[in-house]
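The data block below is my_file.cif; it holds mmCIF, C-alpha atoms and all ligand atoms.
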```cif
data_query
#
loop_
_atom_site.label_atom_id
_atom_site.label_comp_id
_atom_site.auth_asym_id
_atom_site.auth_seq_id
_atom_site.Cartn_x
_atom_site.Cartn_y
_atom_site.Cartn_z
CA MET U 1 -305.26 59.59 -92.97
CA SER U 2 -307.38 59.12 -96.10
CA ARG U 3 -306.64 56.98 -99.14
CA CYS U 4 -306.94 59.34 -102.12
CA LEU U 5 -306.97 58.31 -105.77
CA VAL U 6 -305.64 61.05 -108.06
CA THR U 7 -306.03 60.61 -111.83
CA GLY U 8 -303.93 62.73 -114.18
CA ALA U 9 -301.36 62.71 -111.38
CA ALA U 10 -298.37 63.40 -113.65
CA GLY U 11 -299.99 66.52 -115.09
CA PHE U 12 -299.73 70.15 -114.06
CA ILE U 13 -302.49 70.30 -111.45
CA GLY U 14 -302.63 66.60 -110.51
CA SER U 15 -298.97 66.63 -109.47
CA HIS U 16 -299.45 69.68 -107.21
CA LEU U 17 -302.63 68.16 -105.75
CA SER U 18 -300.82 64.89 -104.97
CA GLU U 19 -298.05 66.75 -103.13
CA ALA U 20 -300.57 68.78 -101.12
CA LEU U 21 -302.48 65.63 -100.09
CA LEU U 22 -299.23 63.95 -99.02
CA ALA U 23 -298.28 67.08 -97.02
CA LYS U 24 -301.59 66.73 -95.16
CA GLY U 25 -300.66 63.16 -94.20
CA HIS U 26 -302.87 61.33 -96.71
CA GLU U 27 -302.01 58.32 -98.82
CA VAL U 28 -302.06 58.88 -102.60
CA VAL U 29 -302.78 56.28 -105.25
CA ALA U 30 -301.77 58.03 -108.47
CA ILE U 31 -302.74 57.18 -112.06
CA ASP U 32 -301.53 58.67 -115.34
CA ALA U 33 -301.13 57.38 -118.90
CA PHE U 34 -298.49 59.94 -120.02
CA ILE U 35 -300.68 60.92 -122.99
CA PRO U 36 -298.10 62.47 -125.34
CA TYR U 37 -299.93 65.78 -125.65
CA TYR U 38 -296.78 67.28 -124.20
CA PRO U 39 -293.47 65.50 -123.58
CA ARG U 40 -293.17 62.72 -121.05
CA PRO U 41 -289.95 64.09 -119.44
CA ILE U 42 -291.92 67.16 -118.28
CA LYS U 43 -294.43 64.88 -116.55
CA GLU U 44 -291.69 62.69 -115.08
CA ARG U 45 -290.20 65.86 -113.57
CA ASN U 46 -293.63 66.79 -112.15
CA LEU U 47 -293.66 63.45 -110.30
CA GLU U 48 -290.23 63.65 -108.67
CA LYS U 49 -291.27 65.18 -105.34
CA ALA U 50 -294.34 62.99 -104.76
CA ARG U 51 -292.46 59.82 -105.70
CA ALA U 52 -290.06 60.42 -102.81
CA SER U 53 -292.91 59.86 -100.32
CA GLY U 54 -293.55 56.44 -98.77
CA ARG U 55 -297.31 57.16 -98.86
CA TYR U 56 -297.33 57.55 -102.66
CA GLN U 57 -297.83 54.84 -105.28
CA PHE U 58 -297.82 55.61 -108.97
CA HIS U 59 -299.52 53.50 -111.65
CA GLU U 60 -298.95 54.11 -115.34
CA LEU U 61 -302.23 53.10 -116.95
CA ASP U 62 -304.80 54.35 -119.39
CA LEU U 63 -308.26 54.85 -117.89
CA ARG U 64 -309.82 54.20 -121.32
CA GLU U 65 -308.81 50.56 -121.45
CA ALA U 66 -306.79 49.28 -118.48
CA ALA U 67 -308.16 47.32 -115.53
CA PHE U 68 -307.97 49.51 -112.42
CA ALA U 69 -310.89 48.44 -110.17
CA HIS U 70 -308.39 47.01 -107.65
CA LEU U 71 -306.89 50.50 -107.19
CA VAL U 72 -310.27 52.16 -106.61
CA GLU U 73 -311.22 49.59 -103.96
CA GLY U 74 -310.87 51.05 -100.45
CA CYS U 75 -310.36 54.67 -101.55
CA ASP U 76 -312.02 57.42 -99.50
CA VAL U 77 -312.12 59.85 -102.41
CA ILE U 78 -311.29 60.07 -106.11
CA PHE U 79 -309.91 63.31 -107.54
CA HIS U 80 -310.49 62.99 -111.29
CA GLU U 81 -308.00 65.42 -112.86
CA ALA U 82 -307.16 63.26 -115.90
CA ALA U 83 -308.36 64.71 -119.19
CA MET U 84 -307.25 66.04 -122.52
CA ALA U 85 -307.07 69.73 -121.58
CA GLY U 86 -306.49 72.78 -123.78
CA LEU U 87 -309.06 73.65 -126.36
CA MET U 88 -307.11 74.25 -129.61
CA LYS U 89 -306.11 70.67 -130.32
CA SER U 90 -309.68 69.54 -129.70
CA TRP U 91 -310.53 70.75 -133.22
CA SER U 92 -307.99 68.38 -134.81
CA ASP U 93 -307.69 65.52 -132.27
CA PHE U 94 -311.34 65.16 -131.35
CA ASP U 95 -311.18 61.35 -130.96
CA LEU U 96 -308.50 61.71 -128.31
CA TYR U 97 -310.51 64.37 -126.43
CA ALA U 98 -313.73 62.35 -126.69
CA SER U 99 -312.12 59.15 -125.42
CA CYS U 100 -309.98 60.65 -122.63
CA ASN U 101 -312.70 62.99 -121.38
CA MET U 102 -315.76 60.79 -121.83
CA ILE U 103 -314.88 57.07 -122.03
CA ALA U 104 -312.23 57.36 -119.30
CA THR U 105 -314.67 59.25 -117.06
CA LYS U 106 -317.42 56.68 -117.59
CA ARG U 107 -315.08 53.79 -116.72
CA LEU U 108 -313.91 55.61 -113.60
CA LEU U 109 -317.50 56.28 -112.49
CA GLU U 110 -318.34 52.58 -112.97
CA ALA U 111 -315.40 51.61 -110.78
CA ALA U 112 -316.40 54.21 -108.15
CA ARG U 113 -319.97 52.86 -108.14
CA ASP U 114 -318.86 49.23 -107.80
CA ALA U 115 -316.37 50.03 -105.02
CA LYS U 116 -318.85 52.38 -103.27
CA VAL U 117 -316.28 55.19 -103.05
CA PRO U 118 -317.73 57.87 -100.72
CA GLN U 119 -316.89 60.83 -103.00
CA VAL U 120 -315.80 61.48 -106.59
CA ILE U 121 -314.46 65.00 -107.16
CA HIS U 122 -314.75 65.54 -110.89
CA ILE U 123 -312.66 68.32 -112.39
CA SER U 124 -314.41 70.40 -115.01
CA THR U 125 -313.70 73.76 -116.61
CA SER U 126 -315.04 77.25 -117.28
CA SER U 127 -315.08 76.16 -120.96
CA VAL U 128 -318.39 74.40 -120.30
CA TYR U 129 -320.05 77.85 -120.19
CA GLY U 130 -318.86 78.91 -123.64
CA LYS U 131 -317.43 82.14 -125.04
CA GLU U 132 -318.22 84.09 -121.88
CA ALA U 133 -317.88 82.50 -118.46
CA THR U 134 -318.94 85.15 -116.01
CA GLY U 135 -322.02 83.90 -114.18
CA PRO U 136 -322.91 81.55 -111.33
CA GLU U 137 -322.92 77.75 -111.57
CA ASP U 138 -326.51 77.51 -112.84
CA SER U 139 -325.72 79.63 -115.93
CA PRO U 140 -326.51 77.96 -119.28
CA LEU U 141 -323.88 75.57 -120.61
CA THR U 142 -323.19 76.57 -124.24
CA PRO U 143 -319.66 75.29 -124.94
CA PHE U 144 -317.82 77.00 -127.78
CA SER U 145 -315.17 74.35 -128.51
CA PRO U 146 -315.04 70.55 -128.93
CA TYR U 147 -313.04 70.46 -125.66
CA GLY U 148 -315.87 72.24 -123.81
CA ILE U 149 -318.40 69.87 -125.34
CA THR U 150 -316.52 66.78 -124.09
CA LYS U 151 -316.25 68.34 -120.62
CA VAL U 152 -320.02 69.05 -120.53
CA ALA U 153 -320.56 65.41 -121.51
CA ALA U 154 -318.25 64.28 -118.70
CA GLU U 155 -320.23 66.40 -116.21
CA ASN U 156 -323.45 64.87 -117.53
CA LEU U 157 -322.02 61.38 -117.06
CA CYS U 158 -321.33 62.30 -113.43
CA ARG U 159 -324.92 63.53 -113.02
CA ALA U 160 -326.32 60.35 -114.63
CA PHE U 161 -324.24 58.08 -112.37
CA GLN U 162 -325.31 60.12 -109.37
CA ALA U 163 -329.02 60.03 -110.27
CA ASN U 164 -329.15 56.36 -111.28
CA PHE U 165 -326.68 54.70 -108.92
CA GLY U 166 -326.15 57.21 -106.12
CA VAL U 167 -322.48 57.83 -106.95
CA PRO U 168 -321.62 60.80 -104.71
CA VAL U 169 -320.11 63.44 -107.00
CA THR U 170 -318.81 66.97 -106.56
CA ILE U 171 -317.96 68.97 -109.70
CA LEU U 172 -315.33 71.72 -109.69
CA ARG U 173 -315.08 74.07 -112.67
CA TYR U 174 -311.56 75.49 -112.73
CA PHE U 175 -310.86 78.86 -114.38
CA SER U 176 -307.45 79.29 -116.18
CA VAL U 177 -304.91 77.86 -113.78
CA TYR U 178 -301.31 79.12 -113.81
CA GLY U 179 -298.11 78.84 -111.78
CA PRO U 180 -295.10 76.49 -111.63
CA ARG U 181 -295.44 73.43 -113.95
CA GLN U 182 -298.11 75.10 -116.08
CA ARG U 183 -298.69 73.06 -119.26
CA PRO U 184 -296.30 74.07 -122.06
CA ASP U 185 -299.20 74.85 -124.44
CA MET U 186 -300.68 77.49 -122.11
CA ALA U 187 -300.24 81.18 -122.92
CA TYR U 188 -298.30 82.36 -119.87
CA ASN U 189 -295.84 79.49 -120.13
CA ILE U 190 -295.26 80.25 -123.84
CA LEU U 191 -294.99 83.99 -123.16
CA ILE U 192 -292.41 83.61 -120.36
CA ARG U 193 -290.31 81.16 -122.40
CA ASN U 194 -290.40 83.49 -125.40
CA LEU U 195 -289.42 86.49 -123.26
CA PHE U 196 -286.32 84.67 -122.01
CA LYS U 197 -285.43 83.33 -125.48
CA GLY U 198 -286.10 86.64 -127.26
CA GLU U 199 -288.68 84.95 -129.49
CA SER U 200 -291.93 86.51 -130.66
CA PHE U 201 -295.24 85.73 -128.95
CA THR U 202 -298.36 85.25 -131.06
CA LEU U 203 -301.19 87.28 -129.54
CA TYR U 204 -304.60 86.11 -130.77
CA GLY U 205 -307.15 88.92 -130.68
CA ASP U 206 -306.64 92.40 -129.25
CA GLY U 207 -305.25 91.27 -125.90
CA GLU U 208 -308.25 92.75 -124.08
CA GLN U 209 -309.71 89.30 -123.39
CA THR U 210 -310.11 88.92 -119.62
CA ARG U 211 -309.20 85.94 -117.49
CA SER U 212 -309.98 84.92 -113.91
CA ASN U 213 -306.58 83.36 -113.39
CA THR U 214 -306.29 80.87 -110.57
CA PHE U 215 -302.90 80.29 -108.97
CA VAL U 216 -302.30 76.56 -108.77
CA ALA U 217 -301.94 76.50 -104.96
CA ASP U 218 -305.35 78.20 -104.62
CA CYS U 219 -306.90 75.73 -107.07
CA VAL U 220 -305.43 72.80 -105.12
CA ASN U 221 -306.63 74.29 -101.84
CA ALA U 222 -310.19 74.57 -103.21
CA THR U 223 -310.02 70.98 -104.45
CA ILE U 224 -309.00 69.66 -101.04
CA LEU U 225 -311.66 71.81 -99.34
CA ALA U 226 -314.26 70.04 -101.51
CA TYR U 227 -313.14 66.81 -99.82
CA GLU U 228 -312.79 68.22 -96.30
CA LYS U 229 -316.28 69.81 -96.54
CA ARG U 230 -317.64 66.66 -98.16
CA SER U 231 -321.09 66.60 -96.55
CA ALA U 232 -321.86 70.10 -97.86
CA ALA U 233 -320.15 69.53 -101.22
CA LEU U 234 -321.84 66.31 -102.35
CA GLY U 235 -324.06 66.77 -105.41
CA GLU U 236 -322.83 70.35 -105.88
CA VAL U 237 -321.02 72.22 -108.66
CA PHE U 238 -318.53 74.97 -107.81
CA ASN U 239 -316.68 77.58 -109.86
CA ILE U 240 -313.05 77.77 -108.75
CA GLY U 241 -311.23 80.94 -109.84
CA GLY U 242 -308.78 83.53 -108.62
CA GLY U 243 -309.81 86.79 -107.03
CA GLU U 244 -308.49 89.17 -109.70
CA ILE U 245 -309.53 89.63 -113.29
CA VAL U 246 -306.83 90.72 -115.71
CA THR U 247 -306.49 91.22 -119.46
CA LEU U 248 -303.80 89.47 -121.47
CA ASN U 249 -302.31 92.90 -122.25
CA GLN U 250 -301.96 93.56 -118.50
CA VAL U 251 -300.28 90.18 -118.00
CA ILE U 252 -297.82 90.91 -120.83
CA ARG U 253 -296.88 94.24 -119.21
CA THR U 254 -296.51 92.61 -115.78
CA LEU U 255 -294.28 89.85 -117.16
CA GLU U 256 -292.14 92.45 -118.95
CA GLU U 257 -291.65 94.22 -115.61
CA ILE U 258 -290.87 90.99 -113.70
CA THR U 259 -288.37 89.69 -116.30
CA GLY U 260 -286.97 93.08 -117.35
CA LYS U 261 -287.45 92.00 -120.99
CA LYS U 262 -289.56 93.49 -123.78
CA ALA U 263 -292.09 91.16 -125.44
CA ARG U 264 -292.03 90.85 -129.22
CA ILE U 265 -295.70 90.54 -130.15
CA GLU U 266 -297.06 89.12 -133.38
CA ARG U 267 -300.78 89.83 -133.72
CA LYS U 268 -303.27 87.38 -135.21
CA PRO U 269 -307.09 87.19 -135.21
CA PRO U 270 -308.82 85.25 -132.39
CA ARG U 271 -308.83 81.48 -132.90
CA PRO U 272 -312.00 79.39 -133.17
CA GLY U 273 -313.13 78.36 -129.71
CA ASP U 274 -311.22 81.09 -127.81
CA GLN U 275 -313.12 82.42 -124.81
CA LYS U 276 -313.52 86.20 -124.72
CA HIS U 277 -314.23 86.92 -121.07
CA THR U 278 -313.95 84.71 -118.02
CA ALA U 279 -314.67 86.09 -114.56
CA ALA U 280 -315.20 83.38 -111.99
CA ASP U 281 -318.19 83.92 -109.75
CA ILE U 282 -316.86 82.09 -106.68
CA GLN U 283 -319.52 83.17 -104.19
CA LYS U 284 -320.85 79.63 -103.81
CA ALA U 285 -317.38 78.13 -103.20
CA THR U 286 -316.70 80.86 -100.64
CA ARG U 287 -320.02 80.34 -98.86
CA ILE U 288 -320.09 76.53 -98.78
CA LEU U 289 -316.42 75.49 -98.93
CA GLY U 290 -314.88 78.53 -97.23
CA TYR U 291 -312.68 78.97 -100.33
CA ARG U 292 -310.77 82.24 -100.67
CA PRO U 293 -308.04 82.69 -103.30
CA MET U 294 -304.92 83.97 -101.53
CA THR U 295 -302.44 84.64 -104.34
CA ARG U 296 -302.31 87.98 -106.13
CA VAL U 297 -301.62 87.77 -109.86
CA LEU U 298 -298.31 89.67 -109.47
CA ASP U 299 -297.05 87.17 -106.88
CA GLY U 300 -298.33 84.17 -108.83
CA LEU U 301 -296.62 85.33 -112.03
CA LYS U 302 -293.38 85.92 -110.11
CA ALA U 303 -293.56 82.33 -108.82
CA GLN U 304 -294.12 81.02 -112.34
CA VAL U 305 -291.21 83.07 -113.74
CA ASP U 306 -288.91 81.76 -110.95
CA TRP U 307 -289.91 78.20 -111.83
CA GLU U 308 -289.53 78.72 -115.61
CA LYS U 309 -285.95 79.92 -115.00
CA THR U 310 -285.12 76.55 -113.45
CA VAL U 311 -286.42 74.51 -116.40
CA LEU U 312 -285.43 76.62 -119.43
N1 LIG U 401 -304.91 74.07 -116.51
C1 LIG U 401 -306.02 74.79 -116.54
O1 LIG U 401 -305.98 76.03 -116.66
C2 LIG U 401 -307.36 74.14 -116.42
C3 LIG U 401 -308.52 74.96 -116.46
C4 LIG U 401 -309.76 74.36 -116.34
C5 LIG U 401 -309.88 72.99 -116.15
N2 LIG U 401 -308.75 72.22 -116.14
C6 LIG U 401 -308.91 70.77 -115.93
O2 LIG U 401 -308.01 70.37 -114.92
C7 LIG U 401 -307.57 69.04 -115.15
C8 LIG U 401 -306.06 68.97 -115.15
O3 LIG U 401 -305.54 69.81 -116.18
P1 LIG U 401 -303.98 70.09 -116.36
O4 LIG U 401 -303.84 71.49 -116.85
O5 LIG U 401 -303.24 69.67 -115.13
O6 LIG U 401 -303.66 69.11 -117.60
P2 LIG U 401 -302.42 68.11 -117.84
O7 LIG U 401 -302.50 67.73 -119.29
O8 LIG U 401 -301.16 68.70 -117.35
O9 LIG U 401 -302.78 66.84 -116.93
C9 LIG U 401 -303.76 65.88 -117.29
C10 LIG U 401 -303.12 64.50 -117.17
O10 LIG U 401 -304.13 63.53 -117.44
C11 LIG U 401 -303.51 62.43 -118.07
N3 LIG U 401 -304.52 61.67 -118.79
C12 LIG U 401 -305.30 62.10 -119.82
N4 LIG U 401 -306.06 61.09 -120.28
C13 LIG U 401 -305.78 60.01 -119.54
C14 LIG U 401 -306.24 58.65 -119.55
N5 LIG U 401 -307.10 58.22 -120.49
N6 LIG U 401 -305.76 57.79 -118.61
C15 LIG U 401 -304.85 58.21 -117.69
N7 LIG U 401 -304.35 59.49 -117.65
C16 LIG U 401 -304.81 60.37 -118.57
C17 LIG U 401 -302.47 63.05 -119.00
O11 LIG U 401 -301.42 62.13 -119.34
C18 LIG U 401 -301.98 64.24 -118.18
O12 LIG U 401 -300.76 63.96 -117.50
C19 LIG U 401 -308.22 68.61 -116.48
O13 LIG U 401 -309.38 67.87 -116.19
C20 LIG U 401 -308.58 69.93 -117.14
O14 LIG U 401 -309.67 69.78 -118.03
C21 LIG U 401 -307.50 72.76 -116.26
#
```
Give the structure from the file, written as structure tokens.
Amino acid sequence: MSRCLVTGAAGFIGSHLSEALLAKGHEVVAIDAFIPYYPRPIKERNLEKARASGRYQFHELDLREAAFAHLVEGCDVIFHEAAMAGLMKSWSDFDLYASCNMIATKRLLEAARDAKVPQVIHISTSSVYGKEATGPEDSPLTPFSPYGITKVAAENLCRAFQANFGVPVTILRYFSVYGPRQRPDMAYNILIRNLFKGESFTLYGDGEQTRSNTFVADCVNATILAYEKRSAALGEVFNIGGGEIVTLNQVIRTLEEITGKKARIERKPPRPGDQKHTAADIQKATRILGYRPMTRVLDGLKAQVDWEKTVL
């Protein structure tokens, strides 16, 4: 049994990761500040299952200012999921993105260094690549949004702590994650809700933008593999994506078929910062971590629709 620290544990991916670690018999020390980017009750609901476990402890604290060194002490691994995610609000709330993604990460790395934690798994994003995210991990990082810029800075903090103090870091760049509990600001969540409510969906661009969607269980599996294959993963960066590439137009048609409802689409021009094409090159994660995405987009979308029905 390992003692795992999960930051951002009340969020979409952090809550699934915590449950998966508990299911594997690990102990989870969970941290979240309930940043009101989306409503607290949604995050409280995310926590319900994990909180029922005797091997789970939850701490409400803000990594930007709270004292948390005592929680890091004795951990075998840190999974750093906490961040301000979603790129649109990063244009207007830049201070919040800069502090949650950079200051919080720096404080966590300091604590990991002082406690000599054997591995920090830092969660990054395809947004570090920029408008197109289609190449391998050593592709140039030319972020196209303030969000992407703060996430590049967070990666660079990891690299600086690794180079100067030997903090053992693995960086995972997730590509568009979807499935049950998806954040309410994300397109598929909005689209499914609007389909059920008969409301119109704002489609930015022509709908031909492609995405390498990653079903949340696959993303969590890759994240845990980065810990289980620790000796090969230390100091490395991995793209983590799904196996299929789909356009938004294809997803709209698939969701119409699954729900039996017709989408009402309102078209608008692309927004500043929007990525055009993402196609995760996951060859490195497959080769070194043994990662293989298992969920087909059709099945993943069905699972998300089933979940949305329970929370509408
Ligand atoms: N969802 C995706 O498609 C996606 C894609 C690429 C990368 N990511 C990355 O995955 C991670 C998780 O994303 P998510 O979609 O689950 O987001 P989320 O918003 O659901 O979860 C993030 C959690 O972090 C917490 N948090 C933020 N700042 C904090 C702080 N200062 N102290 C303590 N807690 C804090 C928030 O309260 C929130 O509950 C993020 O690092 C994000 O950048 C997500």
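Where the distance criterion is 6 Å and the atoms used are all atoms listed in the file, the residues close to ligand LIG 401 (chain U) are Gly8, Ala10, Gly11, Phe12, Ile13, Gly14, Asp32, Ala33, Phe34, Ile35, Leu61, Asp62, Leu63, Arg64, Glu81, Ala82, Ala83, Met84, Ala85, Cys100, Ala104, Ile123, Ser124, Thr125, Tyr174, Phe175, Ser176, Val177 and Arg183 of chain U.
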For stretch 108-186 of chain U against stretch 306-310 of chain U, with a cut-off of 12 Å and counting only C-alpha atoms, what is the closest atom pair and its distance in Å to one decimal for every residue that makes the cut, ordered by chain and number, as a Markdown table?
```
| residue | atom | partner | partner_atom | distance |
| --- | --- | --- | --- | --- |
| U:Tyr178 | CA | U:Trp307 | CA | 11.6 |
| U:Gly179 | CA | U:Trp307 | CA | 8.2 |
| U:Pro180 | CA | U:Trp307 | CA | 5.5 |
| U:Arg181 | CA | U:Trp307 | CA | 7.6 |
| U:Gln182 | CA | U:Glu308 | CA | 9.3 |
| U:Arg183 | CA | U:Glu308 | CA | 11.4 |
| U:Pro184 | CA | U:Glu308 | CA | 10.4 |
```
- Task: Find, counting all atoms listed in the file, the residue in U:Glu137, U:Glu44, U:Glu110, U:Asp185 that gets nearest to U:Leu157.
- Result: U:Glu110
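The two atoms in question, atom CA of U:Gly205 and atom CA of U:Gln275, are spaced 10.6 Å apart.
You can rank U:Asp206, U:Glu244, U:Asp76, U:Glu65 by their closest distance to U:Val120 using all atoms listed in the file, and at the top of that list sits U:Asp76.
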- Message: Between atom CA of U:Ala154 and atom CA of U:Arg292, what is the distance in Å, rounded to a tenth?
- Response: 26.5 Å
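You can rank U:Val237, U:Pro140, U:Phe58, U:Ala187 by their closest distance to U:Glu155 using all atoms listed in the file, and at the top of that list sits U:Val237.
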Can you fill out stretch 231-254 of chain U with N, CA and C atoms and hand it back as a PDB file, keeping the file's coordinate frame?
```
ATOM      1  N   SER U 231    -319.638  66.721 -96.749  1.00  0.00           N
ATOM      2  CA  SER U 231    -321.090  66.600 -96.550  1.00  0.00           C
ATOM      3  C   SER U 231    -321.833  67.764 -97.200  1.00  0.00           C
ATOM      4  N   ALA U 232    -321.206  68.949 -97.216  1.00  0.00           N
ATOM      5  CA  ALA U 232    -321.860  70.100 -97.860  1.00  0.00           C
ATOM      6  C   ALA U 232    -321.620  70.121 -99.361  1.00  0.00           C
ATOM      7  N   ALA U 233    -320.561  69.420 -99.805  1.00  0.00           N
ATOM      8  CA  ALA U 233    -320.150  69.530-101.220  1.00  0.00           C
ATOM      9  C   ALA U 233    -320.779  68.477-102.114  1.00  0.00           C
ATOM     10  N   LEU U 234    -321.305  67.402-101.521  1.00  0.00           N
ATOM     11  CA  LEU U 234    -321.840  66.310-102.350  1.00  0.00           C
ATOM     12  C   LEU U 234    -322.998  66.802-103.213  1.00  0.00           C
ATOM     13  N   GLY U 235    -322.980  66.401-104.496  1.00  0.00           N
ATOM     14  CA  GLY U 235    -324.060  66.770-105.410  1.00  0.00           C
ATOM     15  C   GLY U 235    -323.975  68.208-105.907  1.00  0.00           C
ATOM     16  N   GLU U 236    -322.922  68.923-105.532  1.00  0.00           N
ATOM     17  CA  GLU U 236    -322.830  70.350-105.880  1.00  0.00           C
ATOM     18  C   GLU U 236    -321.808  70.596-106.992  1.00  0.00           C
ATOM     19  N   VAL U 237    -321.972  71.745-107.652  1.00  0.00           N
ATOM     20  CA  VAL U 237    -321.020  72.220-108.660  1.00  0.00           C
ATOM     21  C   VAL U 237    -320.458  73.552-108.164  1.00  0.00           C
ATOM     22  N   PHE U 238    -319.140  73.718-108.273  1.00  0.00           N
ATOM     23  CA  PHE U 238    -318.530  74.970-107.810  1.00  0.00           C
ATOM     24  C   PHE U 238    -317.610  75.563-108.875  1.00  0.00           C
ATOM     25  N   ASN U 239    -317.702  76.864-109.090  1.00  0.00           N
ATOM     26  CA  ASN U 239    -316.680  77.580-109.860  1.00  0.00           C
ATOM     27  C   ASN U 239    -315.477  77.796-108.959  1.00  0.00           C
ATOM     28  N   ILE U 240    -314.284  77.535-109.514  1.00  0.00           N
ATOM     29  CA  ILE U 240    -313.050  77.770-108.750  1.00  0.00           C
ATOM     30  C   ILE U 240    -312.164  78.710-109.562  1.00  0.00           C
ATOM     31  N   GLY U 241    -312.041  79.951-109.111  1.00  0.00           N
ATOM     32  CA  GLY U 241    -311.230  80.940-109.840  1.00  0.00           C
ATOM     33  C   GLY U 241    -310.403  81.758-108.872  1.00  0.00           C
ATOM     34  N   GLY U 242    -309.563  82.615-109.447  1.00  0.00           N
ATOM     35  CA  GLY U 242    -308.780  83.530-108.620  1.00  0.00           C
ATOM     36  C   GLY U 242    -309.598  84.767-108.317  1.00  0.00           C
ATOM     37  N   GLY U 243    -309.041  85.631-107.478  1.00  0.00           N
ATOM     38  CA  GLY U 243    -309.810  86.790-107.030  1.00  0.00           C
ATOM     39  C   GLY U 243    -309.723  87.978-107.975  1.00  0.00           C
ATOM     40  N   GLU U 244    -308.701  88.002-108.846  1.00  0.00           N
ATOM     41  CA  GLU U 244    -308.490  89.170-109.700  1.00  0.00           C
ATOM     42  C   GLU U 244    -308.807  88.839-111.149  1.00  0.00           C
ATOM     43  N   ILE U 245    -309.288  89.834-111.859  1.00  0.00           N
ATOM     44  CA  ILE U 245    -309.530  89.630-113.290  1.00  0.00           C
ATOM     45  C   ILE U 245    -308.560  90.526-114.049  1.00  0.00           C
ATOM     46  N   VAL U 246    -307.825  89.935-114.971  1.00  0.00           N
ATOM     47  CA  VAL U 246    -306.830  90.720-115.710  1.00  0.00           C
ATOM     48  C   VAL U 246    -306.976  90.460-117.211  1.00  0.00           C
ATOM     49  N   THR U 247    -306.518  91.430-118.005  1.00  0.00           N
ATOM     50  CA  THR U 247    -306.490  91.220-119.460  1.00  0.00           C
ATOM     51  C   THR U 247    -305.132  90.626-119.823  1.00  0.00           C
ATOM     52  N   LEU U 248    -305.070  90.020-121.008  1.00  0.00           N
ATOM     53  CA  LEU U 248    -303.800  89.470-121.470  1.00  0.00           C
ATOM     54  C   LEU U 248    -302.772  90.590-121.645  1.00  0.00           C
ATOM     55  N   ASN U 249    -303.236  91.761-122.119  1.00  0.00           N
ATOM     56  CA  ASN U 249    -302.310  92.900-122.250  1.00  0.00           C
ATOM     57  C   ASN U 249    -301.692  93.266-120.905  1.00  0.00           C
ATOM     58  N   GLN U 250    -302.506  93.241-119.834  1.00  0.00           N
ATOM     59  CA  GLN U 250    -301.960  93.560-118.500  1.00  0.00           C
ATOM     60  C   GLN U 250    -300.923  92.516-118.076  1.00  0.00           C
ATOM     61  N   VAL U 251    -301.219  91.240-118.370  1.00  0.00           N
ATOM     62  CA  VAL U 251    -300.280  90.180-118.000  1.00  0.00           C
ATOM     63  C   VAL U 251    -298.965  90.346-118.762  1.00  0.00           C
ATOM     64  N   ILE U 252    -299.045  90.707-120.041  1.00  0.00           N
ATOM     65  CA  ILE U 252    -297.820  90.910-120.830  1.00  0.00           C
ATOM     66  C   ILE U 252    -296.971  92.015-120.189  1.00  0.00           C
ATOM     67  N   ARG U 253    -297.630  93.128-119.824  1.00  0.00           N
ATOM     68  CA  ARG U 253    -296.880  94.240-119.210  1.00  0.00           C
ATOM     69  C   ARG U 253    -296.253  93.811-117.883  1.00  0.00           C
ATOM     70  N   THR U 254    -297.024  93.055-117.083  1.00  0.00           N
ATOM     71  CA  THR U 254    -296.510  92.610-115.780  1.00  0.00           C
ATOM     72  C   THR U 254    -295.309  91.685-115.966  1.00  0.00           C
TER      73      THR U 254
END
```
